[in-house]
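Peer 1: Contents of model-v7.csv (CSV, C-alpha atoms) are given next:
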chain,number,residue,atom,x,y,z
A,1,MET,CA,-18.3,-4.2,-10.3
A,2,GLN,CA,-21.0,-4.5,-12.9
A,3,ARG,CA,-20.9,-1.8,-15.6
A,4,PHE,CA,-22.8,-1.0,-18.7
A,5,SER,CA,-25.2,-3.8,-18.2
A,6,GLU,CA,-27.9,-2.2,-20.4
A,7,TYR,CA,-25.5,-2.6,-23.4
A,8,GLU,CA,-24.3,-5.7,-25.2
A,9,LEU,CA,-20.5,-5.4,-25.6
A,10,ILE,CA,-18.9,-7.4,-28.4
A,11,LEU,CA,-15.1,-7.7,-28.3
A,12,ALA,CA,-13.8,-8.5,-31.8
A,13,SER,CA,-10.4,-9.7,-30.8
A,14,ASN,CA,-8.8,-13.2,-30.4
A,15,SER,CA,-6.1,-11.7,-28.2
A,16,PRO,CA,-6.2,-13.7,-24.9
A,17,ARG,CA,-4.6,-10.6,-23.2
A,18,ARG,CA,-7.4,-8.3,-24.3
A,19,GLN,CA,-10.1,-10.8,-23.3
A,20,GLN,CA,-8.4,-11.3,-19.9
A,21,PHE,CA,-8.3,-7.5,-19.2
A,22,LEU,CA,-12.0,-7.1,-19.9
A,23,LYS,CA,-12.8,-10.2,-17.7
A,24,ASN,CA,-10.6,-8.9,-14.9
A,25,ILE,CA,-12.3,-5.6,-14.8
A,26,GLY,CA,-15.7,-7.3,-14.5
A,27,LEU,CA,-17.2,-6.5,-17.9
A,28,ASP,CA,-19.8,-8.7,-19.4
A,29,PHE,CA,-19.0,-9.2,-23.1
A,30,LYS,CA,-19.0,-11.8,-25.9
A,31,VAL,CA,-16.2,-12.4,-28.4
A,32,ILE,CA,-17.1,-12.4,-32.1
A,33,THR,CA,-14.3,-12.2,-34.6
A,34,HIS,CA,-14.2,-12.0,-38.4
A,35,ASP,CA,-11.2,-12.7,-40.6
A,36,VAL,CA,-10.0,-9.4,-42.1
A,37,ASP,CA,-6.9,-8.9,-44.3
A,38,GLU,CA,-5.0,-6.4,-42.2
A,39,ILE,CA,-3.7,-4.3,-45.1
A,40,TYR,CA,-3.3,-0.6,-44.9
A,41,PRO,CA,-2.1,2.2,-47.4
A,42,GLU,CA,1.7,2.5,-47.3
A,43,SER,CA,1.5,6.3,-46.8
A,44,LEU,CA,0.0,5.9,-43.3
A,45,LYS,CA,2.2,6.5,-40.2
A,46,LYS,CA,1.9,5.7,-36.5
A,47,GLU,CA,-1.7,6.0,-35.1
A,48,GLU,CA,-3.0,6.6,-38.7
A,49,ILE,CA,-2.2,2.9,-39.2
A,50,THR,CA,-3.9,1.6,-36.1
A,51,ASP,CA,-6.9,4.0,-36.6
A,52,PHE,CA,-7.3,2.6,-40.1
A,53,LEU,CA,-7.1,-1.0,-39.0
A,54,VAL,CA,-9.6,-0.8,-36.2
A,55,LYS,CA,-12.2,0.7,-38.6
A,56,LEU,CA,-11.4,-2.0,-41.1
A,57,LYS,CA,-11.8,-4.7,-38.4
A,58,ALA,CA,-15.3,-3.2,-37.5
A,59,MET,CA,-16.5,-3.3,-41.1
A,60,PRO,CA,-17.9,-6.9,-41.2
A,61,PHE,CA,-20.3,-6.1,-38.3
A,62,LYS,CA,-23.6,-5.2,-40.0
A,63,ASN,CA,-27.1,-4.7,-38.8
A,64,LEU,CA,-26.2,-3.9,-35.2
A,65,ASN,CA,-29.0,-3.1,-32.9
A,66,GLU,CA,-29.2,0.0,-30.7
A,67,LYS,CA,-27.7,-1.6,-27.6
A,68,GLN,CA,-24.8,-3.3,-29.2
A,69,ILE,CA,-21.2,-1.9,-29.1
A,70,VAL,CA,-18.4,-3.6,-31.1
A,71,ILE,CA,-14.9,-3.1,-29.7
A,72,THR,CA,-12.1,-3.6,-32.2
A,73,ALA,CA,-8.4,-2.9,-31.3
A,74,ASP,CA,-5.0,-2.9,-33.0
A,75,THR,CA,-1.5,-2.6,-31.5
A,76,ILE,CA,1.7,-1.8,-33.3
A,77,VAL,CA,5.3,-1.0,-32.3
A,78,TRP,CA,6.6,2.2,-34.0
A,79,ASP,CA,10.4,2.3,-34.1
A,80,GLU,CA,11.9,5.4,-35.5
A,81,LYS,CA,10.2,5.5,-39.0
A,82,LYS,CA,9.1,1.9,-39.1
A,83,CYS,CA,6.0,-0.1,-38.1
A,84,LEU,CA,6.8,-3.5,-36.4
A,85,GLY,CA,3.9,-5.9,-36.5
A,86,LYS,CA,4.0,-9.6,-35.5
A,87,PRO,CA,7.1,-11.5,-36.6
A,88,ASN,CA,6.6,-14.4,-39.0
A,89,THR,CA,9.8,-16.3,-38.4
A,90,ILE,CA,12.6,-16.7,-35.7
A,91,GLU,CA,14.8,-14.5,-38.0
A,92,GLU,CA,12.3,-11.7,-38.1
A,93,ALA,CA,11.8,-11.9,-34.3
A,94,VAL,CA,15.6,-11.7,-33.8
A,95,GLU,CA,15.8,-8.7,-36.2
A,96,MET,CA,13.0,-6.9,-34.3
A,97,LEU,CA,14.4,-7.4,-30.9
A,98,SER,CA,17.9,-6.4,-32.0
A,99,GLN,CA,16.4,-3.3,-33.5
A,100,LEU,CA,14.6,-2.4,-30.2
A,101,SER,CA,17.7,-3.1,-28.0
A,102,GLY,CA,19.2,-0.3,-26.1
A,103,LYS,CA,16.8,2.5,-27.0
A,104,SER,CA,13.2,3.6,-26.8
A,105,HIS,CA,10.2,3.0,-29.1
A,106,GLN,CA,6.5,3.6,-29.1
A,107,VAL,CA,3.6,1.2,-28.6
A,108,ILE,CA,0.4,2.5,-30.2
A,109,THR,CA,-3.0,1.0,-29.7
A,110,SER,CA,-6.2,2.2,-31.4
A,111,VAL,CA,-9.6,1.1,-30.2
A,112,ALA,CA,-12.9,1.6,-32.1
A,113,PHE,CA,-16.3,1.6,-30.5
A,114,THR,CA,-18.8,0.8,-33.3
A,115,GLN,CA,-22.6,1.2,-32.9
A,116,ALA,CA,-25.5,1.0,-35.2
A,117,ASN,CA,-25.2,4.6,-36.2
A,118,SER,CA,-22.0,5.9,-34.9
A,119,GLN,CA,-18.3,5.1,-34.4
A,120,LYS,CA,-15.8,6.5,-31.9
A,121,VAL,CA,-12.0,5.8,-32.3
A,122,ILE,CA,-9.4,6.5,-29.7
A,123,HIS,CA,-5.7,5.8,-29.6
A,124,GLU,CA,-3.0,5.7,-26.9
A,125,ILE,CA,0.7,6.0,-27.3
A,126,SER,CA,3.3,4.7,-24.7
A,127,ASN,CA,7.1,5.0,-24.7
A,128,VAL,CA,9.1,1.9,-23.8
A,129,PHE,CA,12.8,2.0,-22.9
A,130,PHE,CA,14.8,-1.2,-23.5
A,131,LYS,CA,18.3,-1.8,-22.0
A,132,PRO,CA,20.8,-3.2,-24.4
A,133,LEU,CA,19.9,-6.9,-25.0
A,134,THR,CA,22.6,-9.6,-25.5
A,135,LYS,CA,22.4,-12.1,-28.3
A,136,LEU,CA,22.0,-14.8,-25.6
A,137,GLU,CA,19.0,-13.0,-24.1
A,138,ILE,CA,17.3,-12.5,-27.5
A,139,ASP,CA,17.8,-16.2,-28.5
A,140,TYR,CA,16.7,-17.5,-25.0
A,141,TYR,CA,13.5,-15.3,-25.1
A,142,ILE,CA,12.4,-16.3,-28.6
A,143,LYS,CA,13.1,-20.0,-27.9
A,144,GLU,CA,11.2,-20.1,-24.6
A,145,PHE,CA,8.4,-17.6,-25.2
A,146,LYS,CA,7.8,-17.8,-29.0
A,147,PRO,CA,6.5,-14.2,-29.3
A,148,PHE,CA,5.0,-14.7,-32.8
A,149,ASP,CA,1.6,-13.4,-31.8
A,150,LYS,CA,3.1,-10.1,-30.5
A,151,ALA,CA,3.8,-6.8,-32.2
A,152,GLY,CA,7.5,-6.0,-32.0
A,153,ALA,CA,8.2,-9.6,-30.9
A,154,TYR,CA,7.9,-9.1,-27.2
A,155,GLY,CA,5.4,-9.0,-24.3
A,156,ILE,CA,6.1,-6.6,-21.5
A,157,GLN,CA,4.4,-9.0,-19.0
A,158,GLU,CA,6.9,-11.8,-19.9
A,159,TRP,CA,10.4,-12.5,-18.8
A,160,ILE,CA,12.0,-10.0,-21.3
A,161,GLY,CA,9.8,-7.2,-20.0
A,162,THR,CA,11.0,-7.9,-16.4
A,163,VAL,CA,14.7,-8.2,-17.2
A,164,ALA,CA,15.1,-5.6,-20.0
A,165,ILE,CA,12.5,-2.8,-19.8
A,166,GLU,CA,14.0,-0.1,-17.7
A,167,LYS,CA,11.1,2.3,-17.8
A,168,ILE,CA,8.0,3.3,-19.6
A,169,GLU,CA,6.0,6.5,-20.1
A,170,GLY,CA,2.3,6.1,-20.6
A,171,SER,CA,-0.3,3.4,-20.0
A,172,TYR,CA,1.1,0.0,-19.0
A,173,THR,CA,-1.9,-1.9,-20.2
A,174,ASN,CA,-1.6,-0.2,-23.6
A,175,ILE,CA,1.8,-1.9,-24.0
A,176,VAL,CA,0.2,-5.3,-23.2
A,177,GLY,CA,-2.4,-4.5,-25.9
A,178,LEU,CA,-5.4,-2.5,-24.5
A,179,PRO,CA,-5.4,0.9,-22.8
A,180,VAL,CA,-8.0,-0.2,-20.2
A,181,VAL,CA,-8.6,3.1,-18.3
A,182,GLN,CA,-9.1,4.9,-21.6
A,183,VAL,CA,-11.4,2.2,-22.9
A,184,LEU,CA,-13.5,2.4,-19.7
A,185,THR,CA,-13.6,6.2,-19.8
A,186,THR,CA,-14.9,6.1,-23.4
A,187,LEU,CA,-17.5,3.5,-22.6
A,188,GLU,CA,-18.7,5.6,-19.7
A,189,LYS,CA,-19.2,8.5,-22.1
A,190,ILE,CA,-21.0,6.4,-24.7
A,191,CYS,CA,-23.2,4.6,-22.2
A,192,LYS,CA,-24.3,7.5,-20.0
M,1,MET,CA,19.5,-17.8,-17.9
M,2,GLN,CA,21.9,-18.6,-15.1
M,3,ARG,CA,23.6,-15.5,-13.6
M,4,PHE,CA,26.0,-14.7,-10.8
M,5,SER,CA,26.4,-18.4,-10.0
M,6,GLU,CA,29.7,-17.8,-8.2
M,7,TYR,CA,27.9,-15.7,-5.6
M,8,GLU,CA,25.4,-16.7,-2.9
M,9,LEU,CA,22.5,-14.3,-3.1
M,10,ILE,CA,20.4,-13.8,0.0
M,11,LEU,CA,17.1,-11.9,-0.4
M,12,ALA,CA,16.0,-10.5,3.0
M,13,SER,CA,12.4,-9.9,2.1
M,14,ASN,CA,9.2,-11.7,2.8
M,15,SER,CA,7.4,-10.0,-0.1
M,16,PRO,CA,6.0,-12.7,-2.4
M,17,ARG,CA,6.2,-10.2,-5.3
M,18,ARG,CA,10.0,-9.6,-4.8
M,19,GLN,CA,10.6,-13.3,-4.4
M,20,GLN,CA,8.6,-14.1,-7.6
M,21,PHE,CA,10.5,-11.4,-9.6
M,22,LEU,CA,13.9,-13.0,-8.7
M,23,LYS,CA,12.5,-16.5,-9.5
M,24,ASN,CA,11.1,-15.4,-12.8
M,25,ILE,CA,14.3,-13.9,-14.0
M,26,GLY,CA,16.1,-17.2,-13.1
M,27,LEU,CA,18.2,-16.0,-10.2
M,28,ASP,CA,19.4,-18.6,-7.6
M,29,PHE,CA,18.8,-17.2,-4.2
M,30,LYS,CA,17.7,-18.0,-0.7
M,31,VAL,CA,15.4,-16.0,1.6
M,32,ILE,CA,16.6,-15.1,5.1
M,33,THR,CA,14.7,-12.5,7.0
M,34,HIS,CA,15.2,-10.9,10.4
M,35,ASP,CA,12.6,-8.9,12.3
M,36,VAL,CA,13.5,-5.2,12.3
M,37,ASP,CA,11.6,-2.3,13.8
M,38,GLU,CA,11.1,-0.1,10.7
M,39,ILE,CA,11.5,3.2,12.4
M,40,TYR,CA,13.3,6.2,10.8
M,41,PRO,CA,14.1,9.8,11.8
M,42,GLU,CA,11.2,12.2,11.2
M,43,SER,CA,13.4,14.6,9.4
M,44,LEU,CA,13.9,12.2,6.5
M,45,LYS,CA,12.1,12.7,3.2
M,46,LYS,CA,11.5,10.5,0.1
M,47,GLU,CA,14.4,8.3,-0.9
M,48,GLU,CA,16.2,9.3,2.3
M,49,ILE,CA,13.6,7.2,4.1
M,50,THR,CA,14.0,4.1,2.0
M,51,ASP,CA,17.8,4.4,1.8
M,52,PHE,CA,17.8,4.5,5.6
M,53,LEU,CA,15.5,1.5,6.0
M,54,VAL,CA,17.3,-0.8,3.6
M,55,LYS,CA,20.6,-0.2,5.5
M,56,LEU,CA,18.7,-0.8,8.8
M,57,LYS,CA,17.3,-4.1,7.4
M,58,ALA,CA,20.8,-5.2,6.4
M,59,MET,CA,22.2,-4.7,9.9
M,60,PRO,CA,21.3,-8.1,11.4
M,61,PHE,CA,23.5,-9.8,8.8
M,62,LYS,CA,26.9,-10.3,10.5
M,63,ASN,CA,29.9,-12.4,9.5
M,64,LEU,CA,29.1,-12.7,5.8
M,65,ASN,CA,31.7,-14.5,3.7
M,66,GLU,CA,33.2,-13.1,0.6
M,67,LYS,CA,30.8,-14.6,-1.8
M,68,GLN,CA,27.6,-13.7,0.0
M,69,ILE,CA,25.4,-10.7,-1.1
M,70,VAL,CA,22.4,-9.7,1.0
M,71,ILE,CA,19.7,-7.8,-0.9
M,72,THR,CA,17.3,-5.7,1.3
M,73,ALA,CA,14.6,-3.5,-0.2
M,74,ASP,CA,12.0,-1.0,0.9
M,75,THR,CA,9.1,0.6,-1.0
M,76,ILE,CA,7.1,3.6,0.0
M,77,VAL,CA,4.5,5.8,-1.7
M,78,TRP,CA,5.3,9.5,-1.5
M,79,ASP,CA,2.3,11.8,-1.9
M,80,GLU,CA,3.0,15.5,-1.9
M,81,LYS,CA,4.8,15.9,1.4
M,82,LYS,CA,3.8,12.7,3.1
M,83,CYS,CA,5.1,9.1,3.2
M,84,LEU,CA,2.4,6.4,2.9
M,85,GLY,CA,3.4,3.0,4.2
M,86,LYS,CA,1.2,-0.1,4.7
M,87,PRO,CA,-2.3,0.6,6.0
M,88,ASN,CA,-3.2,-1.0,9.3
M,89,THR,CA,-7.0,-0.7,9.1
M,90,ILE,CA,-9.8,-0.5,6.5
M,91,GLU,CA,-10.2,3.2,7.5
M,92,GLU,CA,-6.5,3.9,6.8
M,93,ALA,CA,-6.7,2.1,3.4
M,94,VAL,CA,-9.8,4.2,2.5
M,95,GLU,CA,-8.0,7.3,3.5
M,96,MET,CA,-4.9,6.5,1.5
M,97,LEU,CA,-6.8,5.6,-1.7
M,98,SER,CA,-9.0,8.7,-1.3
M,99,GLN,CA,-5.8,10.8,-1.1
M,100,LEU,CA,-4.2,9.2,-4.2
M,101,SER,CA,-7.4,9.5,-6.3
M,102,GLY,CA,-7.4,11.8,-9.3
M,103,LYS,CA,-3.7,12.8,-9.2
M,104,SER,CA,-0.1,11.6,-9.4
M,105,HIS,CA,2.2,10.3,-6.7
M,106,GLN,CA,5.7,8.8,-6.5
M,107,VAL,CA,6.6,5.2,-5.7
M,108,ILE,CA,10.2,5.0,-4.3
M,109,THR,CA,12.1,1.7,-3.8
M,110,SER,CA,15.6,1.5,-2.3
M,111,VAL,CA,17.7,-1.6,-2.6
M,112,ALA,CA,20.9,-2.3,-0.6
M,113,PHE,CA,23.5,-4.9,-1.7
M,114,THR,CA,25.4,-5.7,1.4
M,115,GLN,CA,28.7,-7.7,1.3
M,116,ALA,CA,31.3,-8.6,4.0
M,117,ASN,CA,33.2,-5.4,3.5
M,118,SER,CA,31.1,-3.1,1.4
M,119,GLN,CA,27.5,-1.9,0.7
M,120,LYS,CA,25.9,-0.3,-2.3
M,121,VAL,CA,22.5,1.3,-2.1
M,122,ILE,CA,20.4,2.3,-5.2
M,123,HIS,CA,16.9,3.8,-5.4
M,124,GLU,CA,14.4,4.2,-8.1
M,125,ILE,CA,11.5,6.6,-8.4
M,126,SER,CA,8.4,6.1,-10.5
M,127,ASN,CA,5.4,8.4,-11.1
M,128,VAL,CA,1.9,6.9,-11.0
M,129,PHE,CA,-1.2,8.7,-12.3
M,130,PHE,CA,-4.6,7.6,-10.8
M,131,LYS,CA,-7.9,8.6,-12.4
M,132,PRO,CA,-10.5,9.8,-10.0
M,133,LEU,CA,-11.7,6.8,-7.9
M,134,THR,CA,-15.3,6.5,-6.8
M,135,LYS,CA,-16.2,5.5,-3.2
M,136,LEU,CA,-17.7,2.3,-4.6
M,137,GLU,CA,-14.4,1.4,-6.3
M,138,ILE,CA,-12.4,2.1,-3.2
M,139,ASP,CA,-14.7,0.0,-1.0
M,140,TYR,CA,-14.9,-2.8,-3.5
M,141,TYR,CA,-11.1,-3.0,-3.9
M,142,ILE,CA,-10.3,-3.0,-0.2
M,143,LYS,CA,-13.0,-5.6,0.5
M,144,GLU,CA,-11.9,-8.0,-2.3
M,145,PHE,CA,-8.1,-7.4,-2.4
M,146,LYS,CA,-7.2,-6.5,1.3
M,147,PRO,CA,-4.2,-4.4,0.4
M,148,PHE,CA,-2.8,-4.3,4.0
M,149,ASP,CA,0.6,-5.6,2.9
M,150,LYS,CA,1.1,-2.8,0.3
M,151,ALA,CA,2.5,0.7,0.6
M,152,GLY,CA,-0.2,3.2,-0.3
M,153,ALA,CA,-2.9,0.5,0.0
M,154,TYR,CA,-2.7,-0.7,-3.7
M,155,GLY,CA,-1.0,-3.1,-6.0
M,156,ILE,CA,-0.6,-1.9,-9.6
M,157,GLN,CA,-0.8,-5.5,-10.8
M,158,GLU,CA,-4.3,-6.0,-9.2
M,159,TRP,CA,-7.7,-4.9,-10.4
M,160,ILE,CA,-7.3,-1.3,-9.2
M,161,GLY,CA,-4.1,-0.9,-11.2
M,162,THR,CA,-5.9,-2.1,-14.4
M,163,VAL,CA,-9.1,0.1,-14.0
M,164,ALA,CA,-7.6,3.2,-12.4
M,165,ILE,CA,-3.9,3.8,-13.3
M,166,GLU,CA,-4.0,5.9,-16.4
M,167,LYS,CA,-0.2,6.1,-16.9
M,168,ILE,CA,3.1,5.8,-15.3
M,169,GLU,CA,6.6,7.3,-15.8
M,170,GLY,CA,9.5,5.1,-14.7
M,171,SER,CA,10.1,1.4,-13.9
M,172,TYR,CA,6.9,-0.7,-13.8
M,173,THR,CA,8.5,-3.4,-11.6
M,174,ASN,CA,9.6,-0.7,-9.2
M,175,ILE,CA,5.9,0.1,-8.6
M,176,VAL,CA,5.3,-3.6,-7.9
M,177,GLY,CA,8.1,-3.5,-5.3
M,178,LEU,CA,11.5,-4.1,-7.0
M,179,PRO,CA,13.2,-2.2,-9.9
M,180,VAL,CA,14.4,-5.4,-11.5
M,181,VAL,CA,16.5,-4.1,-14.4
M,182,GLN,CA,18.3,-1.7,-12.0
M,183,VAL,CA,18.9,-4.6,-9.6
M,184,LEU,CA,20.3,-6.8,-12.3
M,185,THR,CA,22.6,-4.0,-13.6
M,186,THR,CA,23.9,-3.4,-10.1
M,187,LEU,CA,24.6,-7.1,-9.5
M,188,GLU,CA,26.4,-7.3,-12.9
M,189,LYS,CA,28.7,-4.5,-11.7
M,190,ILE,CA,29.3,-6.0,-8.3
M,191,CYS,CA,29.9,-9.6,-9.6
M,192,LYS,CA,32.0,-8.8,-12.6
Any chance you could put this one into structure tokens?

Peer 2:
Amino acid sequence: MQRFSEYELILASNSPRRQQFLKNIGLDFKVITHDVDEIYPESLKKEEITDFLVKLKAMPFKNLNEKQIVITADTIVWDEKKCLGKPNTIEEAVEMLSQLSGKSHQVITSVAFTQANSQKVIHEISNVFFKPLTKLEIDYYIKEFKPFDKAGAYGIQEWIGTVAIEKIEGSYTNIVGLPVVQVLTTLEKICK
Amino acid sequence: MQRFSEYELILASNSPRRQQFLKNIGLDFKVITHDVDEIYPESLKKEEITDFLVKLKAMPFKNLNEKQIVITADTIVWDEKKCLGKPNTIEEAVEMLSQLSGKSHQVITSVAFTQANSQKVIHEISNVFFKPLTKLEIDYYIKEFKPFDKAGAYGIQEWIGTVAIEKIEGSYTNIVGLPVVQVLTTLEKICK
């Protein structure tokens, strides 16, 4: 299924899951990333944070030509009043998973489509319901799966997602890190 | 994560997806299947159908000992007032996907846990929202993925799930064919 072949799509993300999604759906794209300090104003909440960060990640791309579209994305876990990013240590991962245990939280992804003279930003919010996790399950998961590259310290597509996520409301691929249908729909509008 | 090691779990399903789920979550089990004519009374609707079929699938298992638990499962797609099973031909697959296009339907799985002197049946219902599918997408998917072993002619974990399922409400693994968290919770109750 070839799509958008007139355009040059640039994915600005090192996430293997995002790259795999775009490959699986048959998009032709290249990966170009720039290091960006992912710092945002403390006053921001929920999708304000991810909307801010995807625009920040797009800033290093200068002098785009008319046929280039840069895709930047950011995913966070929003739990009650708190943003959970990637855990830096085992202790932080234990703390995050203990906090998510036995209740629901939101996974929020924003995606920016940046062109020479315009930018469109979308975001998608999914609800995730975790059953109560035991200390044994949390320790086992962190030891075996090392979720230090994942917001909220878990991947729904891994063991913990299968044994502990009772239900979701919203886009499944959004929880993995990219709301694929919504990205395709937006690209169709931009490229038509 | 060893679980239920005092019991002998028997999965009575040839579905590679169900077998993989139980392997992934670290359950010790064997697969024993019997051929059963999956016929049900026409008056049944929705979970009545799958509840009936999982009991039917458990019937050939006689003379179980006290430590054996037979797990039978059945998944259907329920679309408005109609049950969609596995398509037998390309034409049936095209018809099913055309029918599911651009709206929501339900995926229903029942699971029976059959022991020497008792039986427990659970079921789980998930809602799935498809974006409008083009004829090209339907034909491409059927040609490349041959979904003749799947109720409703699709697998959410395949290409079509990624490009066309906007959102879901309920258990994700249920849509693949087994509500894993609910199965584990039930086994914990039975085996405690």

Peer 1: Pull out every residue of chain M sitting within 9 Å of chain A, counting all atoms listed in the file, and send them as a list in words.

Peer 2: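 The selection requested is Met1, Phe21, Asn24, Ile25, Ser126, Lys131, Leu136, Glu137, Tyr140, Glu158, Trp159, Ile160, Thr162, Val163, Ala164, Ile165, Glu166, Lys167, Ile168, Glu169, Gly170, Ser171, Tyr172, Thr173, Pro179, Val180, Val181, Gln182 and Leu184 of chain M.
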
Peer 1: At a cut-off of 7 Å, using only C-alpha atoms, what residues contact segment 119-123 of chain M? Leave out same-chain residues fewer than 5 positions from it and give the result as a list in words.

Peer 2: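 Everything that qualifies: Glu47, Asp51, Ile108, Thr109, Ser110, Val111, Ala112, Phe113 and Thr114 of chain M.
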
Peer 1: Tell me, in Å to one decimal, how far atom CA of Pro132 of chain M is from atom CA of Thr50 of chain M.

Peer 2: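 Distance between the two atoms: 27.9 Å.
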
Peer 1: Name all residues at most 9 Å from Glu8 of chain A (count all atoms listed in the file; drop same-chain ones fewer than 4 positions away) and give them as a list in words.

Peer 2: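 Near neighbours after the sequence-gap exclusion: Phe4, Asp28, Phe29, Lys30, Lys67, Gln68, Ile69 and Val70 of chain A.
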
Peer 1: Around (-10.3, -8.6, -30.2) in the file's own coordinates, what residues are found within 7 Å if you use all atoms listed in the file, given back as a PyMOL selection string?

Peer 2: chain A and resi 11-15+18+33+72-73
